[in-house]
Structures are given as structure tokens and as C-alpha cells.
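Shown next: start.txt, containing compact mmCIF, C-alpha atoms and all ligand atoms.
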# COMPACT_ATOMS: atom_id res chain seq x y z
CA MET W 1 189.98 182.84 120.72
CA GLN W 2 187.94 185.18 122.93
CA ASP W 3 184.64 185.81 121.19
CA PHE W 4 182.21 182.95 120.66
CA ALA W 5 178.94 184.73 119.86
CA GLY W 6 177.90 184.45 116.23
CA LYS W 7 180.73 182.02 115.39
CA THR W 8 180.19 178.36 114.47
CA GLY W 9 181.39 175.16 116.12
CA PHE W 10 181.48 171.60 114.77
CA VAL W 11 181.52 168.83 117.37
CA THR W 12 181.96 165.12 116.64
CA GLY W 13 180.52 162.58 119.04
CA GLY W 14 178.14 165.38 119.91
CA ALA W 15 175.08 163.28 120.70
CA SER W 16 176.28 161.98 124.07
CA GLY W 17 178.47 162.67 127.07
CA ILE W 18 181.28 165.19 126.73
CA GLY W 19 180.42 166.05 123.11
CA PHE W 20 176.83 166.81 123.99
CA ALA W 21 177.93 169.00 126.91
CA LEU W 22 180.34 170.80 124.58
CA CYS W 23 177.53 171.49 122.11
CA ARG W 24 175.34 172.87 124.87
CA ALA W 25 178.15 175.05 126.24
CA LEU W 26 179.01 176.45 122.80
CA LEU W 27 175.33 177.17 122.10
CA GLU W 28 174.96 178.89 125.47
CA ALA W 29 178.02 180.98 124.60
CA GLY W 30 176.11 182.25 121.56
CA MET W 31 177.59 180.06 118.86
CA ASN W 32 175.96 178.19 116.03
CA VAL W 33 176.68 174.48 116.44
CA VAL W 34 176.80 171.54 114.09
CA LEU W 35 176.41 168.41 116.22
CA ALA W 36 177.79 165.38 114.39
CA ASP W 37 177.45 161.78 115.48
CA ILE W 38 177.22 158.27 114.07
CA GLU W 39 174.18 157.25 116.14
CA ALA W 40 170.89 158.25 114.50
CA ALA W 41 168.62 157.79 117.55
CA ALA W 42 171.01 159.71 119.78
CA LEU W 43 171.09 162.53 117.22
CA ASP W 44 167.30 162.79 117.41
CA ARG W 45 167.41 162.89 121.22
CA ALA W 46 170.15 165.51 121.21
CA ALA W 47 168.27 167.68 118.72
CA ALA W 48 165.15 167.51 120.91
CA ASP W 49 167.11 168.29 124.09
CA LEU W 50 168.74 171.34 122.51
CA ALA W 51 165.70 172.50 120.51
CA VAL W 52 165.50 175.69 122.58
CA HIS W 53 168.44 176.99 120.55
CA GLY W 54 166.39 176.85 117.35
CA GLU W 55 168.13 177.53 114.07
CA ARG W 56 171.53 177.90 115.71
CA LEU W 57 171.73 174.09 116.01
CA ARG W 58 172.11 171.64 113.15
CA VAL W 59 172.64 167.89 113.55
CA VAL W 60 174.34 165.69 111.00
CA GLN W 61 175.01 161.98 110.88
CA CYS W 62 178.70 161.35 110.41
CA ASP W 63 181.09 158.45 110.90
CA VAL W 64 184.46 160.01 111.75
CA ALA W 65 186.26 156.81 110.79
CA ARG W 66 185.28 157.39 107.14
CA ARG W 67 186.96 160.34 105.46
CA GLU W 68 184.17 160.80 102.91
CA SER W 69 181.59 160.97 105.70
CA VAL W 70 183.57 163.72 107.46
CA ALA W 71 183.95 165.60 104.17
CA ALA W 72 180.19 165.42 103.54
CA ALA W 73 179.42 166.67 107.07
CA ARG W 74 181.89 169.54 106.61
CA ASP W 75 180.24 170.52 103.32
CA ALA W 76 176.81 170.47 104.97
CA ALA W 77 178.06 172.57 107.90
CA ILE W 78 179.74 175.16 105.70
CA GLY W 79 176.75 175.17 103.35
CA HIS W 80 174.47 176.06 106.22
CA PHE W 81 176.49 178.36 108.46
CA GLY W 82 179.41 179.52 106.30
CA SER W 83 182.73 179.47 108.16
CA ILE W 84 183.57 176.99 110.94
CA HIS W 85 185.56 178.51 113.82
CA VAL W 86 185.73 175.83 116.51
CA LEU W 87 186.34 172.19 115.62
CA CYS W 88 186.00 169.60 118.38
CA ASN W 89 187.33 166.22 117.26
CA ASN W 90 185.72 164.50 120.20
CA ALA W 91 184.16 161.20 119.03
CA GLY W 92 185.86 158.27 120.69
CA VAL W 93 185.33 154.66 121.69
CA GLY W 94 186.94 152.25 124.10
CA THR W 95 187.87 148.64 124.13
CA GLY W 96 189.82 146.91 126.85
CA GLY W 97 191.79 143.73 127.21
CA ARG W 98 195.42 142.70 127.34
CA ILE W 99 197.29 143.59 124.19
CA ASP W 100 197.66 140.03 122.89
CA THR W 101 193.96 139.30 123.34
CA VAL W 102 192.57 142.25 121.36
CA SER W 103 191.33 141.22 117.93
CA PRO W 104 192.53 142.92 114.74
CA ALA W 105 188.93 144.07 114.11
CA ALA W 106 188.78 145.74 117.53
CA TRP W 107 192.17 147.44 116.94
CA SER W 108 190.96 148.75 113.57
CA TRP W 109 187.70 150.03 114.99
CA LEU W 110 189.35 151.78 117.91
CA MET W 111 192.16 153.34 115.88
CA GLY W 112 189.73 154.18 113.07
CA VAL W 113 187.53 156.25 115.38
CA ASN W 114 189.98 157.57 118.00
CA LEU W 115 192.97 158.38 115.82
CA MET W 116 191.87 158.38 112.17
CA GLY W 117 188.71 160.25 113.21
CA VAL W 118 190.87 163.11 114.47
CA ILE W 119 193.10 162.92 111.40
CA HIS W 120 190.07 163.03 109.09
CA GLY W 121 188.66 166.02 110.99
CA LEU W 122 191.92 167.92 110.70
CA GLY W 123 192.39 166.98 107.06
CA GLU W 124 188.91 168.11 106.04
CA PHE W 125 188.48 171.22 108.23
CA LEU W 126 191.94 172.74 108.62
CA PRO W 127 192.30 174.01 105.03
CA HIS W 128 188.91 175.74 105.37
CA MET W 129 189.76 177.21 108.79
CA LYS W 130 193.11 178.48 107.54
CA ALA W 131 191.58 179.91 104.38
CA HIS W 132 188.81 181.99 105.98
CA GLY W 133 191.39 183.81 108.09
CA GLU W 134 189.19 184.44 111.14
CA THR W 135 190.19 183.39 114.65
CA GLY W 136 189.42 179.79 115.48
CA HIS W 137 190.38 176.87 117.63
CA ILE W 138 190.69 173.09 117.41
CA VAL W 139 190.09 170.85 120.40
CA ASN W 140 191.03 167.19 120.08
CA THR W 141 189.73 164.93 122.81
CA GLY W 142 192.57 162.86 124.24
CA SER W 143 192.51 161.37 127.71
CA MET W 144 194.67 160.94 130.78
CA ALA W 145 195.06 157.47 129.23
CA GLY W 146 197.09 159.25 126.55
CA MET W 147 199.47 160.56 129.19
CA ASN W 148 200.45 157.15 130.55
CA GLY W 149 200.14 153.50 129.56
CA PHE W 150 197.75 151.50 131.75
CA ARG W 151 197.70 147.71 131.73
CA GLY W 152 194.54 146.28 130.21
CA MET W 153 194.00 149.49 128.24
CA GLY W 154 196.81 149.25 125.67
CA PRO W 155 194.81 150.01 122.50
CA TYR W 156 192.95 152.92 124.06
CA CYS W 157 196.13 154.38 125.61
CA ALA W 158 197.99 154.07 122.30
CA SER W 159 195.19 155.83 120.41
CA LYS W 160 195.00 158.68 122.90
CA ALA W 161 198.79 159.09 123.19
CA ALA W 162 198.75 159.57 119.42
CA VAL W 163 196.06 162.25 119.75
CA VAL W 164 198.17 164.06 122.36
CA SER W 165 201.27 163.99 120.11
CA LEU W 166 199.30 165.02 117.06
CA THR W 167 197.88 168.02 118.91
CA GLU W 168 201.32 169.06 120.16
CA ALA W 169 202.56 168.99 116.56
CA LEU W 170 199.46 170.85 115.38
CA ALA W 171 199.90 173.62 117.96
CA GLY W 172 203.45 174.08 116.71
CA GLU W 173 202.26 174.30 113.11
CA LEU W 174 199.57 176.84 114.01
CA ALA W 175 201.80 179.09 116.14
CA GLY W 176 201.57 182.69 114.98
CA THR W 177 198.31 182.10 113.05
CA ALA W 178 194.74 183.00 113.94
CA LEU W 179 194.12 179.39 114.98
CA GLY W 180 194.93 177.61 118.23
CA ALA W 181 194.91 173.96 119.28
CA SER W 182 194.20 172.13 122.52
CA VAL W 183 194.04 168.54 123.65
CA LEU W 184 191.41 167.73 126.25
CA CYS W 185 192.72 165.08 128.64
CA PRO W 186 190.01 164.14 131.11
CA GLY W 187 190.07 161.55 133.84
CA ALA W 188 186.77 159.81 134.48
CA VAL W 189 183.70 161.68 133.21
CA ASN W 190 180.17 160.40 133.83
CA THR W 191 179.06 159.47 130.29
CA GLU W 192 177.97 156.52 128.17
CA PHE W 193 181.60 155.79 127.30
CA TYR W 194 181.68 152.25 128.67
CA GLU W 195 178.79 151.41 126.38
CA SER W 196 180.77 152.48 123.33
CA ARG W 197 180.47 149.04 121.75
CA ARG W 198 176.94 150.08 120.84
CA ASN W 199 178.54 151.71 117.78
CA ALA W 200 181.01 148.95 116.90
CA PRO W 201 180.77 147.18 113.54
CA ALA W 202 179.49 143.59 113.69
CA SER W 203 183.04 142.39 112.90
CA VAL W 204 184.25 143.47 116.35
CA PRO W 205 183.99 140.46 118.68
CA PRO W 206 182.71 140.68 122.26
CA PRO W 207 185.13 142.11 124.84
CA PRO W 208 187.86 139.77 126.11
CA PRO W 209 186.84 138.12 129.41
CA ASN W 210 189.88 139.56 131.22
CA SER W 211 188.78 143.12 130.47
CA ARG W 212 186.58 145.27 132.71
CA GLU W 213 183.95 145.27 129.97
CA GLY W 214 184.22 141.50 129.62
CA ARG W 215 183.71 140.93 133.32
CA ALA W 216 180.73 143.29 133.35
CA ALA W 217 179.22 141.55 130.31
CA ALA W 218 179.66 138.15 131.98
CA ALA W 219 177.98 139.43 135.15
CA GLY W 220 175.21 141.05 133.14
CA THR W 221 175.90 144.46 134.65
CA LYS W 222 176.08 147.83 132.92
CA LEU W 223 179.35 149.70 133.23
CA THR W 224 178.96 153.31 134.16
CA MET W 225 181.25 156.21 134.86
CA ASP W 226 179.15 157.14 137.88
CA HIS W 227 182.13 158.38 139.85
CA GLY W 228 183.28 160.64 137.05
CA ILE W 229 182.83 164.38 136.94
CA PRO W 230 179.75 165.74 135.13
CA PRO W 231 180.32 166.27 131.39
CA ALA W 232 179.30 169.92 131.81
CA GLU W 233 182.35 170.44 134.03
CA ALA W 234 184.65 169.11 131.30
CA ALA W 235 182.90 171.33 128.74
CA ALA W 236 183.35 174.41 130.91
CA ARG W 237 187.07 173.62 131.17
CA VAL W 238 187.22 173.38 127.38
CA LEU W 239 185.68 176.81 126.83
CA ALA W 240 188.11 178.32 129.35
CA GLY W 241 190.97 176.48 127.62
CA ILE W 242 189.96 177.85 124.21
CA ARG W 243 189.84 181.39 125.62
CA ASP W 244 193.32 180.98 127.16
CA ASP W 245 194.72 179.09 124.16
CA ASP W 246 195.85 176.27 126.49
CA LEU W 247 197.58 173.38 124.77
CA TYR W 248 196.65 170.95 127.56
CA ILE W 249 193.17 171.00 129.06
CA PHE W 250 193.05 168.84 132.19
CA THR W 251 190.01 168.19 134.35
CA HIS W 252 191.42 166.15 137.23
CA PRO W 253 194.14 167.98 139.18
CA GLN W 254 194.39 164.98 141.52
CA MET W 255 195.99 163.00 138.66
CA ARG W 256 199.07 165.25 138.54
CA GLY W 257 201.04 162.72 140.63
CA MET W 258 200.70 160.17 137.83
CA ILE W 259 202.41 162.57 135.43
CA ASP W 260 205.10 163.43 137.99
CA ASP W 261 205.80 159.69 138.44
CA ARG W 262 206.07 159.22 134.69
CA TYR W 263 208.45 162.14 134.41
CA ALA W 264 210.58 160.66 137.21
CA ARG W 265 210.73 157.33 135.32
CA LEU W 266 211.72 159.11 132.09
CA SER W 267 214.34 161.11 133.93
CA ALA W 268 215.75 157.94 135.49
CA GLY W 269 216.16 156.54 131.98
CA PHE W 270 218.29 159.54 131.05
CA ASP W 271 220.31 159.18 134.28
CA LYS W 272 221.12 155.63 133.22
CA ALA W 273 222.10 156.80 129.74
CA ALA W 274 224.38 159.44 131.27
CA ALA W 275 225.94 156.87 133.63
CA PHE W 276 226.50 154.58 130.64
CA GLY W 277 228.56 157.34 129.08
CA SER W 278 226.47 157.85 125.93
CA GLY W 279 225.59 161.23 124.41
N1 LIG K 301 184.09 159.39 129.81
C1 LIG K 301 185.35 159.42 130.22
O1 LIG K 301 185.67 159.11 131.38
C2 LIG K 301 186.44 159.85 129.27
C3 LIG K 301 187.71 160.09 129.79
C4 LIG K 301 188.71 160.50 128.94
C5 LIG K 301 188.46 160.70 127.60
N2 LIG K 301 187.21 160.46 127.10
C6 LIG K 301 186.98 160.69 125.69
O2 LIG K 301 185.92 161.61 125.55
C7 LIG K 301 185.33 161.47 124.25
C8 LIG K 301 183.83 161.43 124.38
O3 LIG K 301 183.46 160.25 125.07
P1 LIG K 301 182.27 160.22 126.15
O4 LIG K 301 182.88 159.86 127.44
O5 LIG K 301 181.46 161.44 126.04
O6 LIG K 301 181.48 158.91 125.66
P2 LIG K 301 180.01 158.74 125.02
O7 LIG K 301 179.96 157.31 124.60
O8 LIG K 301 178.99 159.24 125.97
O9 LIG K 301 180.03 159.70 123.74
C9 LIG K 301 180.78 159.37 122.59
C10 LIG K 301 180.00 159.77 121.36
O10 LIG K 301 180.79 159.42 120.18
C11 LIG K 301 179.91 158.89 119.22
N3 LIG K 301 180.66 158.06 118.25
C12 LIG K 301 181.16 156.82 118.44
N4 LIG K 301 181.73 156.39 117.30
C13 LIG K 301 181.59 157.38 116.38
C14 LIG K 301 181.98 157.51 115.03
N5 LIG K 301 182.61 156.52 114.38
N6 LIG K 301 181.69 158.66 114.38
C15 LIG K 301 181.02 159.67 115.03
N7 LIG K 301 180.61 159.59 116.31
C16 LIG K 301 180.90 158.45 116.98
C17 LIG K 301 178.90 158.09 120.02
O11 LIG K 301 177.71 157.82 119.29
C18 LIG K 301 178.68 159.01 121.21
O12 LIG K 301 177.62 159.91 120.96
C19 LIG K 301 185.96 160.22 123.66
O13 LIG K 301 186.97 160.58 122.74
C20 LIG K 301 186.56 159.51 124.85
O14 LIG K 301 187.64 158.69 124.48
C21 LIG K 301 186.19 160.05 127.90
Mind turning the file's structure into C-alpha cells?
Amino acid sequence: MQDFAGKTGFVTGGASGIGFALCRALLEAGMNVVLADIEAAALDRAAADLAVHGERLRVVQCDVARRESVAAARDAAIGHFGSIHVLCNNAGVGTGGRIDTVSPAAWSWLMGVNLMGVIHGLGEFLPHMKAHGETGHIVNTGSMAGMNGFRGMGPYCASKAAVVSLTEALAGELAGTALGASVLCPGAVNTEFYESRRNAPASVPPPPPNSREGRAAAAGTKLTMDHGIPPAEAAARVLAGIRDDDLYIFTHPQMRGMIDDRYARLSAGFDKAAAFGSG
């Protein structure tokens, strides 16, 4: 997709961090934007911060974990702007802790937002985007954590690996159509991500003490992503990735070695299979 001006984008998790930067970048590229988020106060702040864009911005409260909420936000967006051309399934949350210490409620919350949120977005928007026939693009926010499994981050890695796979399948299904698909896989970005429990249901217990969040909570310190790249940098990569129809949008070239190591481990598994005489 090359031309942004006059088209419309829908961004989930748009009130903070990467999503907010994406909304700003799409607006600055001349698009209409529907900024969707679960957090009412953050929506108000975002609307005020982007007020310069006037009628081209709409905000809507939406919980991506609930299909009916996504459907209602889609109806509102289409009702206001007509066709949606760029869908950013970006809302995401994190919870840490070793796999056997993570509560069922925390698993459900994390998977509900990070994976089902993307699935709900695709289920509700794709039929509309296919039907209007204009060029468009879908960006699902994954993570470098979806490209490798890190100890202490099992639930998050599993959710993001699923988003990567889902986007690979989606790109295959959209090949030859007017729509493209990308998965954004950032390393650390300086956002409010480590405060994502602010949006957790009351049923989600406090973070396990062996997690980074748990240790920070015990010490009474606020976790930040201060050493991450600015969200605007990730957003700029996304716009370039949409223009080039890139399946993978990376932001941290220095993390390539991690992928090379993983590939070497996978390859070694096949070497063993070959030596075993199978296949
Ligand atoms: N910050 C990083 O280092 C980093 C790295 C890799 C991937 N990511 C991913 O980037 C995406 C954006 O995260 P961020 O870093 O900007 O964090 P953030 O916390 O600053 O922003 C996330 C936004 O999602 C919203 N949200 C949470 N639950 C929601 C729900 N159920 N429905 C709708 N909105 C909801 C929050 O209110 C918030 O505005 C996430 O998918 C995250 O997993 C972040």
C-alpha cells in the first residue's frame, strides 16, 4: 500500500506507547484514524494530544479481548469514516513469571488480549476490508519475544509466537489480493508496557515474586522501558513496512544474532534426525 492520504486506519491499544505513535504517524501521513483503547482516561489524554488533527481523529473505547466490543468499535469506525484501509492489531499486555507459577487468570488475560485480540480484529475487520476492494494493510504487533522463547516470559512468548504464525498464514491467504499483512516484532521500546497490569481484571493476582515485575513491585519501584527505542521510531518502521509490503517489520537489527542462533539450533535438530536415518 503506497498512498495513505484520505484513507482510514484503525489502531488498537492506540492510547499509549507504540499504538499512540502509530496513530500520530498515520495522521501525519494524511489518514483518518480511529484510535481504540480499553483505558478511558488514556483515551481522553490521547484525544487531547492529537486534537490538532481535528475531525480526522476519532477515539473509541474498546476491549479487544471481547469480540462484541471489537465489532461495536468496527461499526462505529465504518459508520463515521466509511471504509477501513489499515488495521493495526496492536493492543498487548505482559505478565512474567515461570510457567508453573502463572495463574490461570493471568494466562487467560494475556492470551485474551494478545492472541484473541488479534483474532477478534481479523475476524471483524477482514471481511469488510476484502469486500470494499481498495488497497489496504494489516499490521499485527508481535515481538522479538515471539521469535524465541525466553525463560521467565513463557506466556508472553507463547502469545507473540502465535501472532507471528497467524500473520504468516494471513499473508499467504492475502497473496494476490489488494491487502497485505505484516507482523511488527520490536525489541525494547520505551512505553508504559511494564505497567500493563493497570488494565488487568481484578481476578488476575499480583505478579509472581520471581518475575521482573514481582521484584519491582516488592521493591516499590516502577518498571520502565527507558533503554528502549522511542515509539515514534517503531511507528516510522511500520509505515515503511506497509509501503514495502514487508511481512516482518523489525526494529532492532542488533537482535539478528538471536535469530541466527535459533536457526542453528533448529538446523542441528534436523542434522540429528538425518543421522538417525529418519525421513
Ligand atoms: N514496549 C516494548 O518494548 C514492546 C516490545 C515488543 C512488543 N511490544 C508490543 O507492543 C504493543 C504495544 O505495547 P506498548 O509497548 O506500546 O505498551 P503500552 O502499555 O504503552 O500500550 C499498550 C496499550 O494497549 C492498551 N490495552 C491493554 N489492554 C487492552 C485491551 N484489552 N483492549 C484494548 N486496549 C488494551 C493499553 O491501555 C495501552 O494503551 C503490545 O502488543 C506489546 O506486546 C512492546
May I have the protein, DNA and RNA residues with any atom at most 12 Å from the point (187.2, 187.5, 123.7), counting all atoms listed in the file, written as JSON, numbers by chain?
{"W": [1, 2, 3, 4, 5, 7, 29, 135, 136, 239, 240, 242, 243, 244, 245]}
Could I get the residue neighbourhood of ligand LIG 301 (chain K) at 8 Å, counting only C-alpha atoms and all ligand atoms, as a short mmCIF file (atom, residue, chain, number, x, y, z; two decimals) with C-alpha atoms, in the frame of the given file?
data_model
loop_
_atom_site.label_atom_id
_atom_site.label_comp_id
_atom_site.auth_asym_id
_atom_site.auth_seq_id
_atom_site.Cartn_x
_atom_site.Cartn_y
_atom_site.Cartn_z
CA THR W 12 181.96 165.12 116.64
CA GLY W 13 180.52 162.58 119.04
CA GLY W 14 178.14 165.38 119.91
CA ALA W 15 175.08 163.28 120.70
CA SER W 16 176.28 161.98 124.07
CA GLY W 17 178.47 162.67 127.07
CA ILE W 18 181.28 165.19 126.73
CA GLY W 19 180.42 166.05 123.11
CA PHE W 20 176.83 166.81 123.99
CA ALA W 36 177.79 165.38 114.39
CA ASP W 37 177.45 161.78 115.48
CA ILE W 38 177.22 158.27 114.07
CA GLU W 39 174.18 157.25 116.14
CA ALA W 42 171.01 159.71 119.78
CA LEU W 43 171.09 162.53 117.22
CA GLN W 61 175.01 161.98 110.88
CA CYS W 62 178.70 161.35 110.41
CA ASP W 63 181.09 158.45 110.90
CA VAL W 64 184.46 160.01 111.75
CA ALA W 65 186.26 156.81 110.79
CA ARG W 66 185.28 157.39 107.14
CA ASN W 89 187.33 166.22 117.26
CA ASN W 90 185.72 164.50 120.20
CA ALA W 91 184.16 161.20 119.03
CA GLY W 92 185.86 158.27 120.69
CA VAL W 93 185.33 154.66 121.69
CA GLY W 94 186.94 152.25 124.10
CA GLY W 112 189.73 154.18 113.07
CA VAL W 113 187.53 156.25 115.38
CA ASN W 114 189.98 157.57 118.00
CA GLY W 117 188.71 160.25 113.21
CA THR W 141 189.73 164.93 122.81
CA GLY W 142 192.57 162.86 124.24
CA SER W 143 192.51 161.37 127.71
CA MET W 144 194.67 160.94 130.78
CA ALA W 145 195.06 157.47 129.23
CA TYR W 156 192.95 152.92 124.06
CA LYS W 160 195.00 158.68 122.90
CA LEU W 184 191.41 167.73 126.25
CA CYS W 185 192.72 165.08 128.64
CA PRO W 186 190.01 164.14 131.11
CA GLY W 187 190.07 161.55 133.84
CA ALA W 188 186.77 159.81 134.48
CA VAL W 189 183.70 161.68 133.21
CA ASN W 190 180.17 160.40 133.83
CA THR W 191 179.06 159.47 130.29
CA GLU W 192 177.97 156.52 128.17
CA PHE W 193 181.60 155.79 127.30
CA TYR W 194 181.68 152.25 128.67
CA GLU W 195 178.79 151.41 126.38
CA SER W 196 180.77 152.48 123.33
CA ARG W 198 176.94 150.08 120.84
CA ASN W 199 178.54 151.71 117.78
CA ALA W 200 181.01 148.95 116.90
CA MET W 225 181.25 156.21 134.86
CA GLY W 228 183.28 160.64 137.05
CA PRO W 231 180.32 166.27 131.39
#
Could you please determine the separation between atom CA of Asp100 of chain W and atom CA of Ala202 of chain W in Å, to one decimal place?
20.7 Å
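Each of W:Phe150, W:Gly241, W:Arg58, W:Glu134 was compared to Gly79 of chain W using only C-alpha atoms, and W:Arg58 turns out to be the nearest.
Interatomic distance, atom CA of His120 of chain W to atom CA of Ser159 of chain W: 14.4 Å.
With only C-alpha atoms as the atoms that count, the minimum distance from Ala235 of chain W to the choices W:Asn210, W:Leu50, W:Cys88, W:Ser83 is reached by W:Cys88.
Of note, atom CA of Leu87 of chain W and atom CA of Ile138 of chain W are spaced 4.8 Å apart.
Restricting the calculation to all atoms listed in the file, the smallest distance between Ile259 of chain W and any of W:Cys157, W:Ala175, W:Gly146, W:Phe276 is found for W:Gly146.
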Segment 53-55 of chain W surroundings by all atoms listed in the file, 12 Å radius, close-in-sequence under 5 positions cut, as a VMD selection string:
chain W and resid 23 to 34 46 to 48 80 to 81
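For the set W:Gly82, W:Gly96, W:Gly123, W:Gly257, the residue with the smallest atom-to-atom gap to Val70 of chain W is W:Gly123, counting only C-alpha atoms.
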Closest pair table for segment 33-121 of chain W residues within 10 Å of segment 162-172 of chain W, all atoms listed in the file, as CSV:
residue,atom,partner,partner_atom,distance
W:Asn89,CA,W:Val163,CA,9.9
W:Met111,CA,W:Ala162,CA,9.7
W:Asn114,CA,W:Val163,CA,7.9
W:Leu115,CA,W:Val163,CA,6.3
W:Met116,CA,W:Val163,CA,9.5
W:Val118,CA,W:Val163,CA,7.5
W:Ile119,CA,W:Leu166,CA,8.7
Within 10 Å of (187.7, 176.0, 105.4) in the file's own coordinates, which protein, DNA or RNA residues have an atom, counting all atoms listed in the file? List them as a ChimeraX atom specification.
/W:74-75,78,82-85,124-133
Near Ser182 of chain W, within 7 Å and counting all atoms listed in the file, which residues show up once chain neighbours fewer than 4 positions away are dropped, as a list of chain:residue names?
W:Ile138, W:Val139, W:Asn140, W:Thr167, W:Asp246, W:Leu247, W:Tyr248, W:Ile249
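With distances taken over all atoms listed in the file, W:Val86 is the one residue among W:Ala106, W:Ala232, W:Ala76, W:Val86 lying closest to Gly180 of chain W.
Between Leu174 of chain W and the candidates W:Ser203, W:Ala216, W:Ser69, W:His137, the tightest atom-to-atom separation, counting only C-alpha atoms, involves W:His137.
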Please, can segment 238-263 of chain W be completed to N, CA and C atoms and returned as a PDB file, in the coordinates of the input?
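After the write, selection-v1.pdb holds the following:
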ATOM      1  N   VAL W 238     186.820 173.222 128.789  1.00  0.00           N
ATOM      2  CA  VAL W 238     187.220 173.380 127.380  1.00  0.00           C
ATOM      3  C   VAL W 238     187.026 174.827 126.926  1.00  0.00           C
ATOM      4  N   LEU W 239     185.900 175.418 127.267  1.00  0.00           N
ATOM      5  CA  LEU W 239     185.680 176.810 126.830  1.00  0.00           C
ATOM      6  C   LEU W 239     186.737 177.744 127.435  1.00  0.00           C
ATOM      7  N   ALA W 240     187.062 177.503 128.714  1.00  0.00           N
ATOM      8  CA  ALA W 240     188.110 178.320 129.350  1.00  0.00           C
ATOM      9  C   ALA W 240     189.452 178.076 128.656  1.00  0.00           C
ATOM     10  N   GLY W 241     189.718 176.821 128.291  1.00  0.00           N
ATOM     11  CA  GLY W 241     190.970 176.480 127.620  1.00  0.00           C
ATOM     12  C   GLY W 241     191.076 177.109 126.238  1.00  0.00           C
ATOM     13  N   ILE W 242     189.955 177.186 125.535  1.00  0.00           N
ATOM     14  CA  ILE W 242     189.960 177.850 124.210  1.00  0.00           C
ATOM     15  C   ILE W 242     190.281 179.331 124.408  1.00  0.00           C
ATOM     16  N   ARG W 243     189.613 179.951 125.381  1.00  0.00           N
ATOM     17  CA  ARG W 243     189.840 181.390 125.620  1.00  0.00           C
ATOM     18  C   ARG W 243     191.306 181.676 125.942  1.00  0.00           C
ATOM     19  N   ASP W 244     191.927 180.757 126.723  1.00  0.00           N
ATOM     20  CA  ASP W 244     193.320 180.980 127.160  1.00  0.00           C
ATOM     21  C   ASP W 244     194.329 180.374 126.196  1.00  0.00           C
ATOM     22  N   ASP W 245     193.838 179.754 125.123  1.00  0.00           N
ATOM     23  CA  ASP W 245     194.720 179.090 124.160  1.00  0.00           C
ATOM     24  C   ASP W 245     195.656 178.095 124.859  1.00  0.00           C
ATOM     25  N   ASP W 246     195.076 177.282 125.755  1.00  0.00           N
ATOM     26  CA  ASP W 246     195.850 176.270 126.490  1.00  0.00           C
ATOM     27  C   ASP W 246     196.089 175.065 125.597  1.00  0.00           C
ATOM     28  N   LEU W 247     197.324 174.609 125.532  1.00  0.00           N
ATOM     29  CA  LEU W 247     197.580 173.380 124.770  1.00  0.00           C
ATOM     30  C   LEU W 247     196.967 172.169 125.482  1.00  0.00           C
ATOM     31  N   TYR W 248     197.173 172.089 126.790  1.00  0.00           N
ATOM     32  CA  TYR W 248     196.650 170.950 127.560  1.00  0.00           C
ATOM     33  C   TYR W 248     195.453 171.400 128.381  1.00  0.00           C
ATOM     34  N   ILE W 249     194.351 170.719 128.226  1.00  0.00           N
ATOM     35  CA  ILE W 249     193.170 171.000 129.060  1.00  0.00           C
ATOM     36  C   ILE W 249     192.940 169.778 129.941  1.00  0.00           C
ATOM     37  N   PHE W 250     193.250 169.928 131.229  1.00  0.00           N
ATOM     38  CA  PHE W 250     193.050 168.840 132.190  1.00  0.00           C
ATOM     39  C   PHE W 250     191.794 169.118 133.015  1.00  0.00           C
ATOM     40  N   THR W 251     191.234 168.049 133.540  1.00  0.00           N
ATOM     41  CA  THR W 251     190.010 168.190 134.350  1.00  0.00           C
ATOM     42  C   THR W 251     190.183 167.617 135.754  1.00  0.00           C
ATOM     43  N   HIS W 252     191.259 166.853 135.969  1.00  0.00           N
ATOM     44  CA  HIS W 252     191.420 166.150 137.230  1.00  0.00           C
ATOM     45  C   HIS W 252     192.779 166.481 137.849  1.00  0.00           C
ATOM     46  N   PRO W 253     192.842 167.587 138.605  1.00  0.00           N
ATOM     47  CA  PRO W 253     194.140 167.980 139.180  1.00  0.00           C
ATOM     48  C   PRO W 253     194.737 166.889 140.072  1.00  0.00           C
ATOM     49  N   GLN W 254     193.894 166.035 140.635  1.00  0.00           N
ATOM     50  CA  GLN W 254     194.390 164.980 141.520  1.00  0.00           C
ATOM     51  C   GLN W 254     195.214 163.933 140.779  1.00  0.00           C
ATOM     52  N   MET W 255     195.211 163.979 139.430  1.00  0.00           N
ATOM     53  CA  MET W 255     195.990 163.000 138.660  1.00  0.00           C
ATOM     54  C   MET W 255     197.389 163.523 138.314  1.00  0.00           C
ATOM     55  N   ARG W 256     197.751 164.679 138.835  1.00  0.00           N
ATOM     56  CA  ARG W 256     199.070 165.250 138.540  1.00  0.00           C
ATOM     57  C   ARG W 256     200.197 164.305 138.977  1.00  0.00           C
ATOM     58  N   GLY W 257     200.001 163.613 140.106  1.00  0.00           N
ATOM     59  CA  GLY W 257     201.040 162.720 140.630  1.00  0.00           C
ATOM     60  C   GLY W 257     201.428 161.647 139.612  1.00  0.00           C
ATOM     61  N   MET W 258     200.445 161.196 138.846  1.00  0.00           N
ATOM     62  CA  MET W 258     200.700 160.170 137.830  1.00  0.00           C
ATOM     63  C   MET W 258     201.694 160.692 136.782  1.00  0.00           C
ATOM     64  N   ILE W 259     201.522 161.957 136.422  1.00  0.00           N
ATOM     65  CA  ILE W 259     202.410 162.570 135.430  1.00  0.00           C
ATOM     66  C   ILE W 259     203.800 162.800 136.045  1.00  0.00           C
ATOM     67  N   ASP W 260     203.808 163.234 137.307  1.00  0.00           N
ATOM     68  CA  ASP W 260     205.100 163.430 137.990  1.00  0.00           C
ATOM     69  C   ASP W 260     205.867 162.110 138.052  1.00  0.00           C
ATOM     70  N   ASP W 261     205.145 161.011 138.360  1.00  0.00           N
ATOM     71  CA  ASP W 261     205.800 159.690 138.440  1.00  0.00           C
ATOM     72  C   ASP W 261     206.369 159.301 137.076  1.00  0.00           C
ATOM     73  N   ARG W 262     205.603 159.583 136.041  1.00  0.00           N
ATOM     74  CA  ARG W 262     206.070 159.220 134.690  1.00  0.00           C
ATOM     75  C   ARG W 262     207.335 160.014 134.349  1.00  0.00           C
ATOM     76  N   TYR W 263     207.287 161.296 134.690  1.00  0.00           N
ATOM     77  CA  TYR W 263     208.450 162.140 134.410  1.00  0.00           C
ATOM     78  C   TYR W 263     209.673 161.614 135.169  1.00  0.00           C
TER      79      TYR W 263
END
